[in-house]
Amino acid sequence: MNDRRHPRGTTGPASRARSGAFGRRHPRTGTEPVTAQSPLGLRLVLSALFLPLFLAGAAYFGVWAADAGPGDSPGRGGLVVLAVVCAALALLAVADLMVVLRRMRHERAGKVPH
């Protein structure tokens with residue numbers, strides 16, 4: 001195999017600059033850590049804090065929309081939109097909680113997540 005990276009047919013370890021399925025967009029400059037991770041503790045606290053708030057907001061706006069009359073301000077449509085947005089953010093918080101807990105479990109077990 002005559003490759004530019006290995007002109008004499010030797011193969012070496014894969015470059016960390018091309019890790020992942022499609023590689024990186026920009027080459028590493030050397031100033032960022034190779035194993036950088038997001039702060040899982042902060043993500044856990046924020047997801048756990050905002051999940052009940054978004055669920056309460058979805059319930060509150062849903063009940064308010066159900067009770068709204070034809071001439072009320074804000075209108076029923078706007079309240080339904082707010083309820084749906086709160087529900088979607090609650091789903092996002094649940095998904096983030098599951099990801100964070102899985103990553104923390106893998107870290108404690110000594111496995112490195114992909």
# chains A, B, ... in the order shown; residues from 1 in each chain; ligands from 1
>>> residues_around(residues="A:Ala90", least_positions_apart="3", cutoff="8 Å", atoms="only C-alpha atoms", output="NGL selection string")
:A and (50-52 or 54-55 or 86-87 or 93-94)
>>> residues_around(residues="A:Ala68", least_positions_apart="5", cutoff="12 Å", atoms="only C-alpha atoms", output="VMD selection string")
chain A and resid 61 to 63 73 to 80
>>> closest_residue(among="A:Leu40, A:Leu46, A:Trp64, A:Gly110", to="A:Leu82", atoms="only C-alpha atoms")
A:Trp64
>>> select_by_dssp(residues="stretch 13-112 of chain A", states="alpha helix (DSSP H)", output="count of residues only")
62
>>> residues_around(residues="A:Gly41", least_positions_apart="6", cutoff="10 Å", atoms="only C-alpha atoms", output="list of chain:residue names")
A:Ser47, A:Val100, A:Leu101, A:Met104
>>> write_last_selection(atoms="N, CA, C and O atoms", output="PDB file, in the first residue's frame")
ATOM      1  N   SER A  47     -30.113  19.829  34.437  1.00  0.00           N
ATOM      2  CA  SER A  47     -31.214  19.010  33.917  1.00  0.00           C
ATOM      3  C   SER A  47     -32.181  18.638  35.026  1.00  0.00           C
ATOM      4  O   SER A  47     -33.398  18.673  34.838  1.00  0.00           O
ATOM      5  N   VAL A 100     -26.241  11.950  30.610  1.00  0.00           N
ATOM      6  CA  VAL A 100     -25.292  12.284  31.676  1.00  0.00           C
ATOM      7  C   VAL A 100     -25.151  11.118  32.651  1.00  0.00           C
ATOM      8  O   VAL A 100     -24.028  10.754  33.039  1.00  0.00           O
ATOM      9  N   LEU A 101     -26.257  10.517  33.044  1.00  0.00           N
ATOM     10  CA  LEU A 101     -26.180   9.395  33.976  1.00  0.00           C
ATOM     11  C   LEU A 101     -25.442   8.207  33.364  1.00  0.00           C
ATOM     12  O   LEU A 101     -24.663   7.530  34.042  1.00  0.00           O
ATOM     13  N   MET A 104     -21.724   9.078  33.377  1.00  0.00           N
ATOM     14  CA  MET A 104     -21.172   9.005  34.731  1.00  0.00           C
ATOM     15  C   MET A 104     -21.013   7.554  35.171  1.00  0.00           C
ATOM     16  O   MET A 104     -20.032   7.195  35.829  1.00  0.00           O
TER      17      MET A 104
END
